[in-house]
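Engineer: This structure is in structure tokens; I'll ask about it shortly.
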Amino acid sequence: MPSLGACLIVRDGATALRACLASLKGAIDVIVVVDTGSVDESVAIARHSGVRVVQWAWQDDFAAAWNVALEHCRTEWVLSIDADEIAAIGSGLHERLARAPEAVDAYAIEIELDADGRSGGILWHREAKLFRRQRVRWQGRVHERLVRVNGAPPRVEPIEARVIRLLHHGYGDDETIRMKAARNARLAELEITDLRQRGTDAAGLLSARFELARCQFGAGSNDAARASFEAITKERDAGPYREPCSQPPRGSGSR
């Protein structure tokens with residue numbers, strides 16, 4: 001059977017971490033927690049759970065942190081999971097991965113959002129969070145995404161919810177949501193600078209600028225967000241971003 005690991009990046013996630021790790025035990029061969037500077041009990045909880053803990057200085061880059069986790073997780077397949085998520089893993093996950101078509105790089109997992117009124121009406125979605133470790137890497141300072149090691153998009157297929165699914169709890173109060181969104185807006189600005197320096201394609205830059213507007217809305221900076229979005233709509237190749245925006249996009253700042 002193929003080996004399967006799980007990776008988390010954590011900072012002050014003690015409130016939810018214990019339940020997340022407990023949901024992985026018995027179904028995952030190796031669990032790696034990368035702590036990026038917690039001052040709460042996150043590291044102690046992870047060590048007490050018997051998982052591998054890597055302490056890494058935060059560098060304003062989510063993809064970099066996830067890639068550090070991959071360096072320490074030497075399994076064939078890897079599940080990336082957030083500390084505020086709970087995994088529901090069926091007994092046949094390893095067998096399902098053993099039957100994975102060779103062309104598949106990653107599987108998109110069904111993620112159910114905790115129905116607490118903060119989901120904006122979206123109760124579930126799919127995200128590529130289960131993948132072949134040697135084929136992919138993370139890219140992007142914020143709202144990071146998987147790419148193949150050569151930079152190309154990965155081949156992604158859905159995996160059945162009965163085999164594996166996640167429950168995402170999210171943050172419990174508005175102030176935490178705003179703080180996280182403000183952090184993400186700052187990272188989005190750095191990402192835009194990186195992309196411009198590298199001379200990225202116009203579509204990639206527009207996507208990053210749209211994410212900045214989303215984060216600004218989530219942080220409560222509505223005027224800045226509208227200005228950011230209006231600037232995008234004036235671009236010749238704005239494409240799907242040309243629709244007017246009079247209110248915060250759903251889900252903005254939820255991470």
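Naming scheme: A, B, ... for chains in displayed order of the structure tokens; residues 1 onward per chain; ligands 1 onward as shown.
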Write out as JSON, numbers by chain which residues come within 8 Å of A:Ala219 when counting only C-alpha atoms, dropping same-chain ones fewer than 6 positions away.

Structural biologist: {"A": [177, 178, 179, 180, 181, 182, 185, 253]}

Engineer: Near A:Thr193, within 12 Å and counting only C-alpha atoms, which residues show up once chain neighbours fewer than 3 positions away are dropped, as a compact mmCIF listing (two decimals) with N, CA and C atoms, in the first residue's frame?

Structural biologist:
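selection17.txt written:
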# COMPACT_ATOMS: atom_id res chain seq x y z
N GLY A 140 2.64 30.63 -4.03
CA GLY A 140 1.81 31.76 -3.63
C GLY A 140 1.93 32.09 -2.16
N ARG A 141 2.18 33.36 -1.87
CA ARG A 141 2.31 33.78 -0.47
C ARG A 141 1.01 33.62 0.31
N ARG A 186 -1.98 42.13 3.42
CA ARG A 186 -0.56 42.50 3.35
C ARG A 186 0.23 41.48 2.54
N LEU A 187 -0.06 40.20 2.73
CA LEU A 187 0.63 39.17 1.96
C LEU A 187 0.27 39.25 0.49
N ALA A 188 -0.99 39.59 0.19
CA ALA A 188 -1.41 39.73 -1.21
C ALA A 188 -0.65 40.86 -1.88
N GLU A 189 -0.41 41.95 -1.17
CA GLU A 189 0.36 43.05 -1.74
C GLU A 189 1.80 42.61 -2.04
N LEU A 190 2.38 41.82 -1.14
CA LEU A 190 3.73 41.30 -1.39
C LEU A 190 3.72 40.36 -2.58
N ARG A 196 4.98 40.97 -10.29
CA ARG A 196 5.41 42.01 -11.22
C ARG A 196 6.92 41.95 -11.46
N GLN A 197 7.66 41.65 -10.43
CA GLN A 197 9.12 41.54 -10.59
C GLN A 197 9.50 40.36 -11.46
N ARG A 198 8.71 39.28 -11.38
CA ARG A 198 8.99 38.10 -12.19
C ARG A 198 8.42 38.20 -13.60
N GLY A 199 7.60 39.24 -13.85
CA GLY A 199 7.02 39.39 -15.16
C GLY A 199 5.99 38.32 -15.46
N THR A 200 5.13 38.03 -14.48
CA THR A 200 4.14 36.97 -14.65
C THR A 200 3.10 37.34 -15.70
N LEU A 205 -1.60 37.94 -12.59
CA LEU A 205 -1.54 39.19 -11.84
C LEU A 205 -2.95 39.69 -11.51
N ALA A 208 -4.28 37.75 -8.58
CA ALA A 208 -3.69 38.19 -7.31
C ALA A 208 -4.28 39.51 -6.86
N ARG A 209 -4.54 40.41 -7.79
CA ARG A 209 -5.14 41.69 -7.43
C ARG A 209 -6.57 41.52 -6.93
N LEU A 212 -6.42 40.42 -3.41
CA LEU A 212 -6.15 41.56 -2.54
C LEU A 212 -7.45 42.28 -2.19

Engineer: Neighbouring residues of A:Tyr107 were defined as those with any atom within 12 Å, considering only C-alpha atoms; residues of the same chain fewer than 2 positions away were excluded. Please report them as a ChimeraX atom specification.

Structural biologist: /A:77-80,93,96-97,100-101,103-105,109-110,126-132,146,154-161,163-165

Engineer: What does the structure give for the distance between atom CA of A:Ala83 and atom CA of A:Pro153, in Å to one decimal?

Structural biologist: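 It comes out at 26.0 Å.
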
Engineer: Restricting the calculation to only C-alpha atoms: of A:Ala69, A:His169, A:Gly151, A:Leu24, which residue gets closest to A:Glu112?

Structural biologist: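 Looking only at the distances to A:Glu112, the closest residue turns out to be A:His169.
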
Engineer: Check the smallest atom-to-atom distance from each of A:Ser42, A:Ala16, A:Val149, A:Ile111 to A:Ala87 using only C-alpha atoms, then report the winner.

Structural biologist: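 For A:Ala87, the nearest of the candidates is A:Ile111.
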
Engineer: Between atom CA of A:Val10 and atom CA of A:Thr36, what is the spacing in Å?

Structural biologist: 6.2 Å

Engineer: Might you pull out every residue within 10 Å of A:Glu85, with only C-alpha atoms counted and same-chain residues fewer than 4 positions away left off, and present them as a VMD selection string?

Structural biologist: chain A and resid 16 to 17 19 to 21 23 81 111 to 114 165 to 170

Engineer: Any chance you could list, as an MDAnalysis selection string, the residues in stretch 57-248 of chain A that come up helix (DSSP H, G or I) when DSSP is run on the backbone?

Structural biologist: chainID A and resid 62:71 93:98 174:198 202:218 222:233 239:242

Engineer: For atom CA of A:His72 and atom CA of A:His125, quote the distance in Å rounded to one decimal.

Structural biologist: 28.4 Å

Engineer: Given the choices A:His94, A:Asn184, A:Thr75, A:Glu211, which gets closest to A:Arg135 if the distance is worked out from only C-alpha atoms?

Structural biologist: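 Once distances to A:Arg135 are computed over only C-alpha atoms, the minimum belongs to A:Thr75.
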
Engineer: Nearest to A:Val147 among A:Glu230, A:Ala98, A:Ala63, A:Ser221, with distances taken over only C-alpha atoms: which residue is it?

Structural biologist: A:Ala63

Engineer: What residues in stretch 35-215 of chain A get the DSSP label strand (DSSP E or B)? Please answer as an mmCIF file with N, CA and C atoms, in the first residue's frame.

Structural biologist:
data_model
loop_
_atom_site.group_PDB
_atom_site.id
_atom_site.type_symbol
_atom_site.label_atom_id
_atom_site.label_comp_id
_atom_site.auth_asym_id
_atom_site.auth_seq_id
_atom_site.Cartn_x
_atom_site.Cartn_y
_atom_site.Cartn_z
ATOM 1 N N ASP A 35 5.309 24.603 12.987
ATOM 2 C CA ASP A 35 4.859 25.722 13.818
ATOM 3 C C ASP A 35 5.647 26.970 13.422
ATOM 4 N N ARG A 52 5.439 14.660 14.449
ATOM 5 C CA ARG A 52 6.719 15.307 14.178
ATOM 6 C C ARG A 52 6.507 16.817 14.140
ATOM 7 N N VAL A 53 7.249 17.565 14.948
ATOM 8 C CA VAL A 53 7.104 19.017 15.031
ATOM 9 C C VAL A 53 8.343 19.689 14.452
ATOM 10 N N VAL A 54 8.122 20.627 13.541
ATOM 11 C CA VAL A 54 9.192 21.427 12.945
ATOM 12 C C VAL A 54 8.907 22.881 13.285
ATOM 13 N N GLN A 55 9.847 23.543 13.954
ATOM 14 C CA GLN A 55 9.681 24.957 14.270
ATOM 15 C C GLN A 55 10.412 25.785 13.213
ATOM 16 N N TRP A 77 2.055 9.825 -0.656
ATOM 17 C CA TRP A 77 0.918 10.738 -0.728
ATOM 18 C C TRP A 77 0.890 11.614 0.515
ATOM 19 N N VAL A 78 0.369 12.845 0.364
ATOM 20 C CA VAL A 78 0.290 13.792 1.479
ATOM 21 C C VAL A 78 -1.091 14.439 1.496
ATOM 22 N N LEU A 79 -1.642 14.556 2.698
ATOM 23 C CA LEU A 79 -2.862 15.318 2.937
ATOM 24 C C LEU A 79 -2.477 16.620 3.616
ATOM 25 N N SER A 80 -2.841 17.744 3.030
ATOM 26 C CA SER A 80 -2.641 19.031 3.706
ATOM 27 C C SER A 80 -3.946 19.385 4.411
ATOM 28 N N GLU A 85 -9.603 22.165 10.897
ATOM 29 C CA GLU A 85 -10.349 21.184 10.122
ATOM 30 C C GLU A 85 -10.304 19.827 10.818
ATOM 31 N N ILE A 86 -11.354 19.067 10.631
ATOM 32 C CA ILE A 86 -11.455 17.705 11.152
ATOM 33 C C ILE A 86 -11.579 16.762 9.959
ATOM 34 N N ALA A 87 -10.784 15.693 9.957
ATOM 35 C CA ALA A 87 -10.818 14.735 8.856
ATOM 36 C C ALA A 87 -11.745 13.571 9.196
ATOM 37 N N ALA A 88 -12.580 13.208 8.236
ATOM 38 C CA ALA A 88 -13.389 11.985 8.325
ATOM 39 C C ALA A 88 -12.833 11.040 7.277
ATOM 40 N N ILE A 89 -12.070 10.039 7.710
ATOM 41 C CA ILE A 89 -11.330 9.165 6.808
ATOM 42 C C ILE A 89 -11.906 7.755 6.868
ATOM 43 N N ALA A 106 -3.225 14.855 -8.010
ATOM 44 C CA ALA A 106 -3.862 15.269 -6.757
ATOM 45 C C ALA A 106 -5.350 14.964 -6.802
ATOM 46 N N TYR A 107 -5.930 14.831 -5.604
ATOM 47 C CA TYR A 107 -7.364 14.640 -5.471
ATOM 48 C C TYR A 107 -7.979 15.852 -4.780
ATOM 49 N N ALA A 108 -9.149 16.260 -5.277
ATOM 50 C CA ALA A 108 -9.913 17.347 -4.659
ATOM 51 C C ALA A 108 -10.858 16.747 -3.635
ATOM 52 N N ILE A 109 -10.722 17.191 -2.389
ATOM 53 C CA ILE A 109 -11.497 16.658 -1.271
ATOM 54 C C ILE A 109 -12.709 17.541 -1.002
ATOM 55 N N GLU A 110 -13.830 16.924 -0.690
ATOM 56 C CA GLU A 110 -15.007 17.672 -0.282
ATOM 57 C C GLU A 110 -14.770 18.257 1.108
ATOM 58 N N ILE A 111 -14.974 19.563 1.236
ATOM 59 C CA ILE A 111 -14.795 20.258 2.511
ATOM 60 C C ILE A 111 -16.129 20.873 2.911
ATOM 61 N N GLU A 112 -16.660 20.415 4.017
ATOM 62 C CA GLU A 112 -17.919 20.939 4.532
ATOM 63 C C GLU A 112 -17.629 22.098 5.480
ATOM 64 N N LEU A 113 -18.342 23.201 5.280
ATOM 65 C CA LEU A 113 -18.160 24.370 6.137
ATOM 66 C C LEU A 113 -19.121 24.290 7.318
ATOM 67 N N TRP A 124 -20.396 23.700 1.206
ATOM 68 C CA TRP A 124 -19.268 22.818 0.942
ATOM 69 C C TRP A 124 -18.608 23.198 -0.377
ATOM 70 N N HIS A 125 -17.376 22.794 -0.528
ATOM 71 C CA HIS A 125 -16.664 22.980 -1.782
ATOM 72 C C HIS A 125 -15.600 21.895 -1.868
ATOM 73 N N ARG A 126 -14.910 21.827 -2.966
ATOM 74 C CA ARG A 126 -13.809 20.880 -3.134
ATOM 75 C C ARG A 126 -12.500 21.634 -3.303
ATOM 76 N N GLU A 127 -11.432 21.024 -2.782
ATOM 77 C CA GLU A 127 -10.112 21.638 -2.865
ATOM 78 C C GLU A 127 -9.059 20.541 -2.989
ATOM 79 N N ALA A 128 -8.047 20.795 -3.820
ATOM 80 C CA ALA A 128 -6.964 19.820 -4.024
ATOM 81 C C ALA A 128 -6.053 19.831 -2.801
ATOM 82 N N LYS A 129 -6.246 18.858 -1.907
ATOM 83 C CA LYS A 129 -5.476 18.800 -0.670
ATOM 84 C C LYS A 129 -4.867 17.427 -0.408
ATOM 85 N N LEU A 130 -5.014 16.505 -1.351
ATOM 86 C CA LEU A 130 -4.448 15.161 -1.229
ATOM 87 C C LEU A 130 -3.668 14.897 -2.509
ATOM 88 N N PHE A 131 -2.349 14.691 -2.404
ATOM 89 C CA PHE A 131 -1.527 14.719 -3.609
ATOM 90 C C PHE A 131 -0.277 13.855 -3.478
ATOM 91 N N ARG A 132 0.313 13.566 -4.627
ATOM 92 C CA ARG A 132 1.575 12.837 -4.667
ATOM 93 C C ARG A 132 2.708 13.812 -4.316
ATOM 94 N N VAL A 136 4.434 17.628 -6.838
ATOM 95 C CA VAL A 136 3.888 18.977 -6.727
ATOM 96 C C VAL A 136 4.613 19.786 -5.656
ATOM 97 N N ARG A 137 4.392 21.087 -5.730
ATOM 98 C CA ARG A 137 4.853 22.022 -4.716
ATOM 99 C C ARG A 137 3.782 23.090 -4.555
ATOM 100 N N TRP A 138 3.879 23.840 -3.453
ATOM 101 C CA TRP A 138 2.947 24.940 -3.225
ATOM 102 C C TRP A 138 3.526 26.222 -3.803
ATOM 103 N N GLN A 139 2.648 27.101 -4.259
ATOM 104 C CA GLN A 139 3.062 28.372 -4.849
ATOM 105 C C GLN A 139 2.094 29.456 -4.401
ATOM 106 N N ARG A 145 -1.552 27.686 -3.856
ATOM 107 C CA ARG A 145 -2.130 26.647 -4.705
ATOM 108 C C ARG A 145 -1.047 25.639 -5.068
ATOM 109 N N LEU A 146 -1.493 24.448 -5.439
ATOM 110 C CA LEU A 146 -0.580 23.408 -5.881
ATOM 111 C C LEU A 146 -0.210 23.598 -7.344
ATOM 112 N N VAL A 147 1.065 23.395 -7.648
ATOM 113 C CA VAL A 147 1.540 23.340 -9.031
ATOM 114 C C VAL A 147 2.463 22.137 -9.145
ATOM 115 N N ARG A 148 2.609 21.625 -10.360
ATOM 116 C CA ARG A 148 3.595 20.585 -10.574
ATOM 117 C C ARG A 148 4.987 21.166 -10.370
ATOM 118 N N VAL A 156 -5.910 17.085 -11.509
ATOM 119 C CA VAL A 156 -6.701 16.924 -10.285
ATOM 120 C C VAL A 156 -8.016 16.250 -10.616
ATOM 121 N N GLU A 157 -8.404 15.280 -9.801
ATOM 122 C CA GLU A 157 -9.704 14.637 -9.909
ATOM 123 C C GLU A 157 -10.358 14.618 -8.531
ATOM 124 N N PRO A 158 -11.690 14.544 -8.470
ATOM 125 C CA PRO A 158 -12.362 14.461 -7.161
ATOM 126 C C PRO A 158 -12.206 13.081 -6.549
ATOM 127 N N ILE A 164 -12.795 10.088 2.022
ATOM 128 C CA ILE A 164 -12.229 11.137 2.863
ATOM 129 C C ILE A 164 -12.974 12.442 2.616
ATOM 130 N N ARG A 165 -13.239 13.157 3.676
ATOM 131 C CA ARG A 165 -13.804 14.496 3.593
ATOM 132 C C ARG A 165 -13.333 15.282 4.807
ATOM 133 N N LEU A 166 -13.478 16.590 4.749
ATOM 134 C CA LEU A 166 -13.036 17.453 5.834
ATOM 135 C C LEU A 166 -14.182 18.325 6.310
ATOM 136 N N LEU A 167 -14.184 18.621 7.599
ATOM 137 C CA LEU A 167 -15.104 19.592 8.185
ATOM 138 C C LEU A 167 -14.284 20.793 8.614
ATOM 139 N N HIS A 168 -14.612 21.942 8.055
ATOM 140 C CA HIS A 168 -13.863 23.171 8.338
ATOM 141 C C HIS A 168 -14.665 24.037 9.304
#

Engineer: My list of candidates is A:Lys25, A:Glu191, A:Val68, A:Asp12. Which is closest to A:Ala44 when distances are computed with only C-alpha atoms?

Structural biologist: A:Asp12
